[in-house]
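Chemist: Got final15.pdb for you, PDB, C-alpha atoms, pLDDT in the B column:
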```
ATOM      1  CA  MET A   1       0.000   0.000   0.000  1.00 81.00           C
ATOM      2  CA  ASN A   2       1.344   3.437  -0.851  1.00 85.00           C
ATOM      3  CA  LYS A   3       1.370   6.517   1.360  1.00 85.00           C
ATOM      4  CA  LYS A   4      -1.555   8.256  -0.355  1.00 87.00           C
ATOM      5  CA  LYS A   5      -3.853   5.228  -0.049  1.00 89.00           C
ATOM      6  CA  PHE A   6      -2.861   4.700   3.611  1.00 86.00           C
ATOM      7  CA  LEU A   7      -3.528   8.345   4.558  1.00 87.00           C
ATOM      8  CA  SER A   8      -6.837   8.319   2.676  1.00 87.00           C
ATOM      9  CA  GLY A   9      -7.985   5.213   4.573  1.00 86.00           C
ATOM     10  CA  LEU A  10      -6.841   6.727   7.866  1.00 84.00           C
ATOM     11  CA  LYS A  11      -8.761   9.932   7.119  1.00 85.00           C
ATOM     12  CA  LYS A  12     -11.949   7.939   6.481  1.00 84.00           C
ATOM     13  CA  GLY A  13     -11.493   6.049   9.744  1.00 81.00           C
ATOM     14  CA  LEU A  14     -11.046   9.279  11.702  1.00 81.00           C
ATOM     15  CA  ARG A  15     -14.221  10.864  10.310  1.00 79.00           C
ATOM     16  CA  ASN A  16     -15.710  11.250  13.833  1.00 76.00           C
ATOM     17  CA  LEU A  17     -12.835  13.465  14.999  1.00 79.00           C
ATOM     18  CA  PRO A  18     -12.970  17.245  14.654  1.00 79.00           C
ATOM     19  CA  ARG A  19     -11.325  18.504  11.460  1.00 82.00           C
ATOM     20  CA  ALA A  20      -8.303  20.081  13.212  1.00 83.00           C
ATOM     21  CA  GLU A  21      -7.685  16.939  15.291  1.00 85.00           C
ATOM     22  CA  ARG A  22      -8.008  14.707  12.220  1.00 85.00           C
ATOM     23  CA  LYS A  23      -5.557  16.907  10.267  1.00 88.00           C
ATOM     24  CA  LYS A  24      -3.079  16.708  13.163  1.00 89.00           C
ATOM     25  CA  TYR A  25      -3.044  12.898  13.052  1.00 87.00           C
ATOM     26  CA  ILE A  26      -2.868  12.759   9.239  1.00 89.00           C
ATOM     27  CA  ASP A  27       0.098  15.172   9.280  1.00 90.00           C
ATOM     28  CA  LEU A  28       1.792  13.143  12.034  1.00 89.00           C
ATOM     29  CA  TYR A  29       1.514   9.889  10.069  1.00 88.00           C
ATOM     30  CA  SER A  30       2.572  11.630   6.845  1.00 89.00           C
ATOM     31  CA  GLU A  31       5.730  12.957   8.531  1.00 90.00           C
ATOM     32  CA  SER A  32       6.467   9.561  10.128  1.00 89.00           C
ATOM     33  CA  ILE A  33       6.240   7.847   6.739  1.00 88.00           C
ATOM     34  CA  ALA A  34       8.433  10.559   5.171  1.00 88.00           C
ATOM     35  CA  ASP A  35      11.026  10.123   7.958  1.00 88.00           C
ATOM     36  CA  ARG A  36      11.182   6.360   7.390  1.00 88.00           C
ATOM     37  CA  ILE A  37      11.606   6.884   3.660  1.00 87.00           C
ATOM     38  CA  GLU A  38      14.496   9.293   4.386  1.00 89.00           C
ATOM     39  CA  GLU A  39      16.091   6.592   6.580  1.00 88.00           C
ATOM     40  CA  GLY A  40      16.216   4.309   3.539  1.00 87.00           C
ATOM     41  CA  ALA A  41      12.931   2.369   3.571  1.00 86.00           C
ATOM     42  CA  THR A  42      10.756   2.164   0.491  1.00 86.00           C
ATOM     43  CA  GLU A  43       7.353   3.833   0.568  1.00 85.00           C
ATOM     44  CA  GLU A  44       5.609   0.456   0.891  1.00 87.00           C
ATOM     45  CA  GLU A  45       7.921  -0.625   3.729  1.00 86.00           C
ATOM     46  CA  ALA A  46       7.398   2.668   5.557  1.00 85.00           C
ATOM     47  CA  VAL A  47       3.625   2.286   5.284  1.00 84.00           C
ATOM     48  CA  ALA A  48       3.778  -1.400   6.231  1.00 86.00           C
ATOM     49  CA  SER A  49       5.591  -0.510   9.471  1.00 85.00           C
ATOM     50  CA  PHE A  50       2.239   0.770  10.692  1.00 84.00           C
ATOM     51  CA  GLY A  51      -0.867  -1.350  10.875  1.00 82.00           C
ATOM     52  CA  THR A  52      -3.709  -1.051   8.419  1.00 87.00           C
ATOM     53  CA  PRO A  53      -5.460   2.337   8.241  1.00 85.00           C
ATOM     54  CA  THR A  54      -8.436   0.824  10.088  1.00 84.00           C
ATOM     55  CA  GLU A  55      -6.219  -0.503  12.900  1.00 85.00           C
ATOM     56  CA  GLU A  56      -4.444   2.828  13.284  1.00 85.00           C
ATOM     57  CA  ALA A  57      -7.756   4.729  13.239  1.00 83.00           C
ATOM     58  CA  LYS A  58      -9.170   2.345  15.848  1.00 83.00           C
ATOM     59  CA  LYS A  59      -6.105   2.924  18.035  1.00 84.00           C
ATOM     60  CA  ILE A  60      -6.383   6.731  17.739  1.00 83.00           C
ATOM     61  CA  CYS A  61     -10.135   6.742  18.355  1.00 77.00           C
ATOM     62  CA  GLY A  62      -9.606   4.525  21.404  1.00 76.00           C
ATOM     63  CA  GLU A  63      -7.075   7.009  22.785  1.00 78.00           C
ATOM     64  CA  VAL A  64      -9.392  10.002  22.384  1.00 72.00           C
ATOM     65  CA  GLY A  65     -12.494   8.046  23.447  1.00 69.00           C
ATOM     66  CA  LEU A  66     -14.512   8.246  20.235  1.00 64.00           C
ATOM     67  CA  PRO A  67     -16.052   5.370  18.287  1.00 58.00           C
ATOM     68  CA  LEU A  68     -14.431   4.436  14.999  1.00 53.00           C
ATOM     69  CA  SER A  69     -16.286   5.792  12.002  1.00 50.00           C
ATOM     70  CA  GLU A  70     -17.067   2.848   9.828  1.00 52.00           C
ATOM     71  CA  LYS A  71     -19.173   3.514   6.784  1.00 56.00           C
ATOM     72  CA  ARG A  72     -20.156   0.390   4.976  1.00 61.00           C
ATOM     73  CA  GLU A  73     -20.585   0.391   1.225  1.00 73.00           C
ATOM     74  CA  LEU A  74     -23.926  -0.871  -0.067  1.00 76.00           C
ATOM     75  CA  LYS A  75     -23.832  -4.001  -2.181  1.00 82.00           C
ATOM     76  CA  ALA A  76     -25.433  -4.023  -5.625  1.00 86.00           C
ATOM     77  CA  TRP A  77     -28.372  -6.185  -4.526  1.00 87.00           C
ATOM     78  CA  GLU A  78     -29.058  -3.801  -1.601  1.00 84.00           C
ATOM     79  CA  ILE A  79     -29.162  -0.838  -3.968  1.00 86.00           C
ATOM     80  CA  VAL A  80     -31.520  -2.700  -6.308  1.00 87.00           C
ATOM     81  CA  LEU A  81     -33.740  -3.687  -3.376  1.00 86.00           C
ATOM     82  CA  LEU A  82     -33.880  -0.076  -2.170  1.00 83.00           C
ATOM     83  CA  ALA A  83     -34.766   1.174  -5.654  1.00 87.00           C
ATOM     84  CA  VAL A  84     -37.411  -1.492  -6.290  1.00 88.00           C
ATOM     85  CA  GLY A  85     -38.947  -1.103  -2.818  1.00 86.00           C
ATOM     86  CA  SER A  86     -38.914   2.698  -2.886  1.00 86.00           C
ATOM     87  CA  PRO A  87     -42.588   3.045  -3.918  1.00 89.00           C
ATOM     88  CA  VAL A  88     -43.547   1.107  -0.799  1.00 89.00           C
ATOM     89  CA  TRP A  89     -41.165   2.502   1.807  1.00 86.00           C
ATOM     90  CA  LEU A  90     -41.340   6.061   0.453  1.00 89.00           C
ATOM     91  CA  SER A  91     -45.166   6.009   0.542  1.00 92.00           C
ATOM     92  CA  LEU A  92     -45.152   4.589   4.054  1.00 92.00           C
ATOM     93  CA  GLY A  93     -42.641   7.199   5.173  1.00 88.00           C
ATOM     94  CA  ILE A  94     -44.764  10.025   3.778  1.00 93.00           C
ATOM     95  CA  ALA A  95     -47.890   8.559   5.413  1.00 95.00           C
ATOM     96  CA  VAL A  96     -46.179   8.274   8.804  1.00 92.00           C
ATOM     97  CA  PHE A  97     -44.897  11.834   8.489  1.00 91.00           C
ATOM     98  CA  ALA A  98     -48.411  13.072   7.602  1.00 95.00           C
ATOM     99  CA  VAL A  99     -49.988  11.265  10.562  1.00 95.00           C
ATOM    100  CA  VAL A 100     -47.399  12.623  13.014  1.00 93.00           C
ATOM    101  CA  LEU A 101     -47.770  16.131  11.582  1.00 94.00           C
ATOM    102  CA  ALA A 102     -51.594  15.920  11.785  1.00 96.00           C
ATOM    103  CA  PHE A 103     -51.356  14.714  15.389  1.00 95.00           C
ATOM    104  CA  PHE A 104     -49.264  17.713  16.395  1.00 94.00           C
ATOM    105  CA  ILE A 105     -51.457  20.161  14.464  1.00 96.00           C
ATOM    106  CA  VAL A 106     -54.519  18.835  16.328  1.00 96.00           C
ATOM    107  CA  LEU A 107     -52.648  18.954  19.640  1.00 95.00           C
ATOM    108  CA  TRP A 108     -51.618  22.583  19.136  1.00 95.00           C
ATOM    109  CA  ALA A 109     -55.114  23.472  17.895  1.00 97.00           C
ATOM    110  CA  LEU A 110     -56.579  22.062  21.116  1.00 96.00           C
ATOM    111  CA  ASP A 111     -54.093  24.162  23.057  1.00 95.00           C
ATOM    112  CA  VAL A 112     -55.230  27.289  21.166  1.00 96.00           C
ATOM    113  CA  VAL A 113     -58.868  26.412  21.953  1.00 96.00           C
ATOM    114  CA  LEU A 114     -58.014  26.084  25.654  1.00 95.00           C
ATOM    115  CA  TRP A 115     -56.485  29.566  25.608  1.00 95.00           C
ATOM    116  CA  ALA A 116     -59.515  30.944  23.735  1.00 95.00           C
ATOM    117  CA  VAL A 117     -61.772  29.573  26.480  1.00 94.00           C
ATOM    118  CA  GLU A 118     -59.395  31.127  29.007  1.00 94.00           C
ATOM    119  CA  LEU A 119     -59.948  34.540  27.421  1.00 94.00           C
ATOM    120  CA  CYS A 120     -63.739  34.049  27.512  1.00 95.00           C
ATOM    121  CA  PHE A 121     -63.923  33.484  31.274  1.00 95.00           C
ATOM    122  CA  PRO A 122     -62.601  36.936  32.328  1.00 94.00           C
ATOM    123  CA  ALA A 123     -64.613  38.614  29.552  1.00 95.00           C
ATOM    124  CA  CYS A 124     -67.810  36.913  30.768  1.00 95.00           C
ATOM    125  CA  GLY A 125     -66.910  37.747  34.356  1.00 95.00           C
ATOM    126  CA  LEU A 126     -66.431  41.401  33.514  1.00 95.00           C
ATOM    127  CA  ALA A 127     -69.693  41.456  31.567  1.00 96.00           C
ATOM    128  CA  GLY A 128     -71.483  39.824  34.523  1.00 95.00           C
ATOM    129  CA  LEU A 129     -70.116  42.367  36.984  1.00 95.00           C
ATOM    130  CA  VAL A 130     -71.025  45.334  34.777  1.00 96.00           C
ATOM    131  CA  GLY A 131     -74.448  43.875  33.863  1.00 95.00           C
ATOM    132  CA  GLY A 132     -75.214  43.053  37.511  1.00 95.00           C
ATOM    133  CA  ALA A 133     -74.298  46.574  38.594  1.00 95.00           C
ATOM    134  CA  LEU A 134     -76.571  48.024  35.897  1.00 95.00           C
ATOM    135  CA  LEU A 135     -79.460  45.765  36.996  1.00 95.00           C
ATOM    136  CA  ILE A 136     -79.033  46.823  40.620  1.00 95.00           C
ATOM    137  CA  ILE A 137     -79.003  50.499  39.573  1.00 94.00           C
ATOM    138  CA  ASN A 138     -82.254  49.935  37.616  1.00 94.00           C
ATOM    139  CA  GLY A 139     -83.936  48.401  40.665  1.00 93.00           C
ATOM    140  CA  HIS A 140     -83.599  44.669  39.848  1.00 94.00           C
ATOM    141  CA  PHE A 141     -81.612  43.794  42.952  1.00 94.00           C
ATOM    142  CA  PRO A 142     -81.984  39.933  43.007  1.00 94.00           C
ATOM    143  CA  GLN A 143     -81.205  39.566  39.320  1.00 94.00           C
ATOM    144  CA  GLY A 144     -78.277  41.987  39.589  1.00 95.00           C
ATOM    145  CA  LEU A 145     -76.871  40.153  42.596  1.00 96.00           C
ATOM    146  CA  PHE A 146     -77.207  36.835  40.783  1.00 96.00           C
ATOM    147  CA  LEU A 147     -75.382  38.235  37.709  1.00 95.00           C
ATOM    148  CA  ILE A 148     -72.582  39.670  39.862  1.00 95.00           C
ATOM    149  CA  GLY A 149     -72.208  36.242  41.532  1.00 96.00           C
ATOM    150  CA  CYS A 150     -71.998  34.570  38.101  1.00 95.00           C
ATOM    151  CA  GLY A 151     -69.426  37.167  37.037  1.00 95.00           C
ATOM    152  CA  LEU A 152     -67.272  36.424  40.086  1.00 96.00           C
ATOM    153  CA  ILE A 153     -67.520  32.684  39.402  1.00 96.00           C
ATOM    154  CA  CYS A 154     -66.363  33.274  35.811  1.00 95.00           C
ATOM    155  CA  VAL A 155     -63.398  35.344  37.010  1.00 94.00           C
ATOM    156  CA  GLY A 156     -62.477  32.559  39.479  1.00 94.00           C
ATOM    157  CA  LEU A 157     -62.800  29.914  36.759  1.00 94.00           C
ATOM    158  CA  GLY A 158     -60.600  32.097  34.539  1.00 94.00           C
ATOM    159  CA  VAL A 159     -57.832  32.088  37.158  1.00 94.00           C
ATOM    160  CA  PHE A 160     -58.133  28.310  37.603  1.00 94.00           C
ATOM    161  CA  TRP A 161     -58.305  27.735  33.833  1.00 94.00           C
ATOM    162  CA  PHE A 162     -55.169  29.871  33.301  1.00 95.00           C
ATOM    163  CA  PHE A 163     -53.079  27.423  35.312  1.00 95.00           C
ATOM    164  CA  LEU A 164     -54.562  24.448  33.428  1.00 94.00           C
ATOM    165  CA  CYS A 165     -53.771  26.119  30.096  1.00 95.00           C
ATOM    166  CA  HIS A 166     -50.237  26.887  31.221  1.00 95.00           C
ATOM    167  CA  ILE A 167     -49.646  23.249  32.232  1.00 96.00           C
ATOM    168  CA  ALA A 168     -51.181  21.980  28.966  1.00 95.00           C
ATOM    169  CA  THR A 169     -49.034  24.292  26.841  1.00 96.00           C
ATOM    170  CA  ARG A 170     -45.850  23.253  28.634  1.00 96.00           C
ATOM    171  CA  GLY A 171     -46.764  19.581  28.163  1.00 95.00           C
ATOM    172  CA  VAL A 172     -47.502  20.001  24.454  1.00 95.00           C
ATOM    173  CA  ALA A 173     -44.284  21.997  23.945  1.00 95.00           C
ATOM    174  CA  ARG A 174     -42.234  19.349  25.782  1.00 96.00           C
ATOM    175  CA  LEU A 175     -43.826  16.529  23.765  1.00 95.00           C
ATOM    176  CA  THR A 176     -43.175  18.407  20.523  1.00 94.00           C
ATOM    177  CA  ALA A 177     -39.528  19.057  21.433  1.00 93.00           C
ATOM    178  CA  GLU A 178     -38.879  15.450  22.488  1.00 93.00           C
ATOM    179  CA  THR A 179     -40.492  14.137  19.306  1.00 91.00           C
ATOM    180  CA  ALA A 180     -38.401  16.517  17.192  1.00 90.00           C
ATOM    181  CA  LEU A 181     -35.223  15.318  18.960  1.00 89.00           C
ATOM    182  CA  LEU A 182     -36.269  11.698  18.416  1.00 89.00           C
ATOM    183  CA  ILE A 183     -36.853  12.296  14.708  1.00 84.00           C
ATOM    184  CA  ARG A 184     -33.547  14.139  14.386  1.00 84.00           C
ATOM    185  CA  GLY A 185     -31.818  11.245  16.174  1.00 81.00           C
ATOM    186  CA  ILE A 186     -33.280   8.765  13.718  1.00 80.00           C
ATOM    187  CA  PHE A 187     -31.823  10.669  10.777  1.00 76.00           C
ATOM    188  CA  THR A 188     -28.492  11.707  12.306  1.00 73.00           C
ATOM    189  CA  GLY A 189     -27.822   8.678  14.485  1.00 63.00           C
ATOM    190  CA  ARG A 190     -27.485  10.829  17.629  1.00 57.00           C
ATOM    191  CA  LYS A 191     -29.495  10.652  20.818  1.00 51.00           C
TER     192      LYS A 191
END
```
Before we go any further, please render this structure as structure tokens.

Modeler:
Amino acid sequence: MNKKKFLSGLKKGLRNLPRAERKKYIDLYSESIADRIEEGATEEEAVASFGTPTEEAKKICGEVGLPLSEKRELKAWEIVLLAVGSPVWLSLGIAVFAVVLAFFIVLWALDVVLWAVELCFPACGLAGLVGGALLIINGHFPQGLFLIGCGLICVGLGVFWFFLCHIATRGVARLTAETALLIRGIFTGRK
């Protein structure tokens, strides 16, 4: 194996390392091979004094505590199977995406409805208080008192409902964020 092929294989194996770190190791191995060639070894002998690129990458990744980046090439039959099965798996993927999206749209719509109801309670309470006061002024004391009582109940329900809406919104937001992280993890391979 020549120097260029060895360094290329090593670079592929160190794909999980940051770019600067990867360049440091590639430069180190390049200089080591050049030094051995200067000492009289052939290029193949200098490269052979190290292990395979995969072994060296595994050793480096073990030292820095990262997993070795191994990307497997697809075989021809796997590519054909993916192409032939694409109408099925692509349709299923789109359907699953649509169902998940619809679920979250409905969930957020319900949250908006809860907040709309929350706005109605104080408005009804205020209307009850004002209407009750007007009835009392016009001489309808029992009806006015009843309307003021209903207005106070609506204001109290509005305060109670506010906390329920707040808890519901936090729950929906948390569920949405965790689902988004899960979906991102599926596509990127991270958790």

Chemist: Could you list, as JSON, numbers by chain, every residue within 10 Å of region 20-33 of chain A, counting all atoms listed in the file and ignoring same-chain residues fewer than 4 positions away?

Modeler: {"A": [3, 4, 6, 7, 8, 10, 11, 12, 13, 14, 15, 16, 37, 38, 39, 41, 42, 43, 44, 45, 46, 47, 48, 49, 50, 56, 57, 60]}

Chemist: How many Å lie between CA of Gly9 (chain A) and CA of Leu82 (chain A), rounded to one decimal?

Modeler: 27.3 Å

Chemist: By how many Å are CA of Val155 (chain A) and CA of Leu107 (chain A) apart?

Modeler: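 Taking CA of Val155 (chain A) as the start and CA of Leu107 (chain A) as the end point, the length is 26.2 Å.
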
Chemist: Could you please give me, as a list in words, the residues of protein, DNA or RNA lying at most 7 Å from (-52.2, 23.7, 26.2) in the coordinate frame of the file, considering only C-alpha atoms?

Modeler: Leu110, Asp111, Val112, Leu114, Cys165, His166, Ile167, Ala168, Thr169, Arg170 and Val172 of chain A

Chemist: Do you have the CA of Leu175 (chain A)-CA of Val106 (chain A) distance handy?

Modeler: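 Going from CA of Leu175 (chain A) over to CA of Val106 (chain A) covers 13.2 Å.
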
Chemist: What lies within 9 Å of Gly131 (chain A) using only C-alpha atoms, ignoring chain neighbours under 3 positions off, as a ChimeraX atom specification?

Modeler: /A:126-128,134-136,144,147-148,151

Chemist: What lies within 12 Å of Pro122 (chain A) using all atoms listed in the file, ignoring chain neighbours under 3 positions off, as a PyMOL selection string?

Modeler: chain A and resi 115-119+125-129+150-162

Chemist: Will you model all heavy atoms for region 55-66 of chain A and pass it back as an mmCIF file, keeping the file's coordinate frame?

Modeler:
```cif
data_model
loop_
_atom_site.group_PDB
_atom_site.id
_atom_site.type_symbol
_atom_site.label_atom_id
_atom_site.label_comp_id
_atom_site.auth_asym_id
_atom_site.auth_seq_id
_atom_site.Cartn_x
_atom_site.Cartn_y
_atom_site.Cartn_z
ATOM 1 N N GLU A 55 -6.807 -0.224 11.590
ATOM 2 C CA GLU A 55 -6.219 -0.503 12.900
ATOM 3 C C GLU A 55 -5.679 0.768 13.546
ATOM 4 O O GLU A 55 -5.868 0.991 14.747
ATOM 5 C CB GLU A 55 -5.086 -1.528 12.759
ATOM 6 C CG GLU A 55 -5.541 -2.920 12.400
ATOM 7 C CD GLU A 55 -4.370 -3.835 12.029
ATOM 8 O OE1 GLU A 55 -3.225 -3.340 11.892
ATOM 9 O OE2 GLU A 55 -4.613 -5.040 11.883
ATOM 10 N N GLU A 56 -5.000 1.580 12.758
ATOM 11 C CA GLU A 56 -4.444 2.828 13.284
ATOM 12 C C GLU A 56 -5.566 3.778 13.707
ATOM 13 O O GLU A 56 -5.478 4.423 14.751
ATOM 14 C CB GLU A 56 -3.527 3.496 12.253
ATOM 15 C CG GLU A 56 -2.272 2.698 11.939
ATOM 16 C CD GLU A 56 -1.389 2.481 13.165
ATOM 17 O OE1 GLU A 56 -1.135 3.447 13.915
ATOM 18 O OE2 GLU A 56 -0.942 1.338 13.370
ATOM 19 N N ALA A 57 -6.624 3.863 12.897
ATOM 20 C CA ALA A 57 -7.756 4.729 13.239
ATOM 21 C C ALA A 57 -8.423 4.244 14.514
ATOM 22 O O ALA A 57 -8.819 5.044 15.375
ATOM 23 C CB ALA A 57 -8.755 4.775 12.086
ATOM 24 N N LYS A 58 -8.551 2.921 14.652
ATOM 25 C CA LYS A 58 -9.170 2.345 15.848
ATOM 26 C C LYS A 58 -8.332 2.687 17.084
ATOM 27 O O LYS A 58 -8.859 3.016 18.135
ATOM 28 C CB LYS A 58 -9.285 0.829 15.672
ATOM 29 C CG LYS A 58 -10.287 0.175 16.596
ATOM 30 C CD LYS A 58 -10.420 -1.300 16.327
ATOM 31 C CE LYS A 58 -11.199 -1.537 15.048
ATOM 32 N NZ LYS A 58 -11.521 -2.950 14.822
ATOM 33 N N LYS A 59 -7.006 2.614 16.920
ATOM 34 C CA LYS A 59 -6.105 2.924 18.035
ATOM 35 C C LYS A 59 -6.237 4.399 18.438
ATOM 36 O O LYS A 59 -6.358 4.721 19.620
ATOM 37 C CB LYS A 59 -4.662 2.606 17.618
ATOM 38 C CG LYS A 59 -3.652 2.785 18.728
ATOM 39 C CD LYS A 59 -2.285 2.272 18.336
ATOM 40 C CE LYS A 59 -1.637 3.200 17.334
ATOM 41 N NZ LYS A 59 -0.251 2.842 17.002
ATOM 42 N N ILE A 60 -6.269 5.293 17.452
ATOM 43 C CA ILE A 60 -6.383 6.731 17.739
ATOM 44 C C ILE A 60 -7.729 7.041 18.382
ATOM 45 O O ILE A 60 -7.807 7.757 19.381
ATOM 46 C CB ILE A 60 -6.200 7.552 16.445
ATOM 47 C CG1 ILE A 60 -4.759 7.426 15.938
ATOM 48 C CG2 ILE A 60 -6.559 9.014 16.670
ATOM 49 C CD1 ILE A 60 -4.532 7.961 14.540
ATOM 50 N N CYS A 61 -8.796 6.485 17.805
ATOM 51 C CA CYS A 61 -10.135 6.742 18.355
ATOM 52 C C CYS A 61 -10.249 6.196 19.771
ATOM 53 O O CYS A 61 -10.930 6.778 20.617
ATOM 54 C CB CYS A 61 -11.210 6.135 17.457
ATOM 55 S SG CYS A 61 -11.427 7.042 15.913
ATOM 56 N N GLY A 62 -9.604 5.077 20.051
ATOM 57 C CA GLY A 62 -9.606 4.525 21.404
ATOM 58 C C GLY A 62 -8.898 5.445 22.380
ATOM 59 O O GLY A 62 -9.301 5.584 23.532
ATOM 60 N N GLU A 63 -7.816 6.090 21.920
ATOM 61 C CA GLU A 63 -7.075 7.009 22.785
ATOM 62 C C GLU A 63 -7.888 8.249 23.122
ATOM 63 O O GLU A 63 -7.833 8.743 24.238
ATOM 64 C CB GLU A 63 -5.767 7.425 22.108
ATOM 65 C CG GLU A 63 -4.737 6.321 22.030
ATOM 66 C CD GLU A 63 -3.514 6.718 21.205
ATOM 67 O OE1 GLU A 63 -3.441 7.874 20.750
ATOM 68 O OE2 GLU A 63 -2.644 5.860 21.011
ATOM 69 N N VAL A 64 -8.620 8.774 22.135
ATOM 70 C CA VAL A 64 -9.392 10.002 22.384
ATOM 71 C C VAL A 64 -10.804 9.711 22.880
ATOM 72 O O VAL A 64 -11.531 10.611 23.241
ATOM 73 C CB VAL A 64 -9.447 10.912 21.131
ATOM 74 C CG1 VAL A 64 -8.082 11.446 20.792
ATOM 75 C CG2 VAL A 64 -10.077 10.218 19.964
ATOM 76 N N GLY A 65 -11.199 8.429 22.896
ATOM 77 C CA GLY A 65 -12.494 8.046 23.447
ATOM 78 C C GLY A 65 -13.668 8.224 22.506
ATOM 79 O O GLY A 65 -14.777 8.442 22.950
ATOM 80 N N LEU A 66 -13.423 8.150 21.218
ATOM 81 C CA LEU A 66 -14.512 8.246 20.235
ATOM 82 C C LEU A 66 -14.652 6.922 19.505
ATOM 83 O O LEU A 66 -13.673 6.215 19.298
ATOM 84 C CB LEU A 66 -14.215 9.336 19.200
ATOM 85 C CG LEU A 66 -14.414 10.765 19.647
ATOM 86 C CD1 LEU A 66 -13.940 11.717 18.570
ATOM 87 C CD2 LEU A 66 -15.867 11.045 19.965
#
```
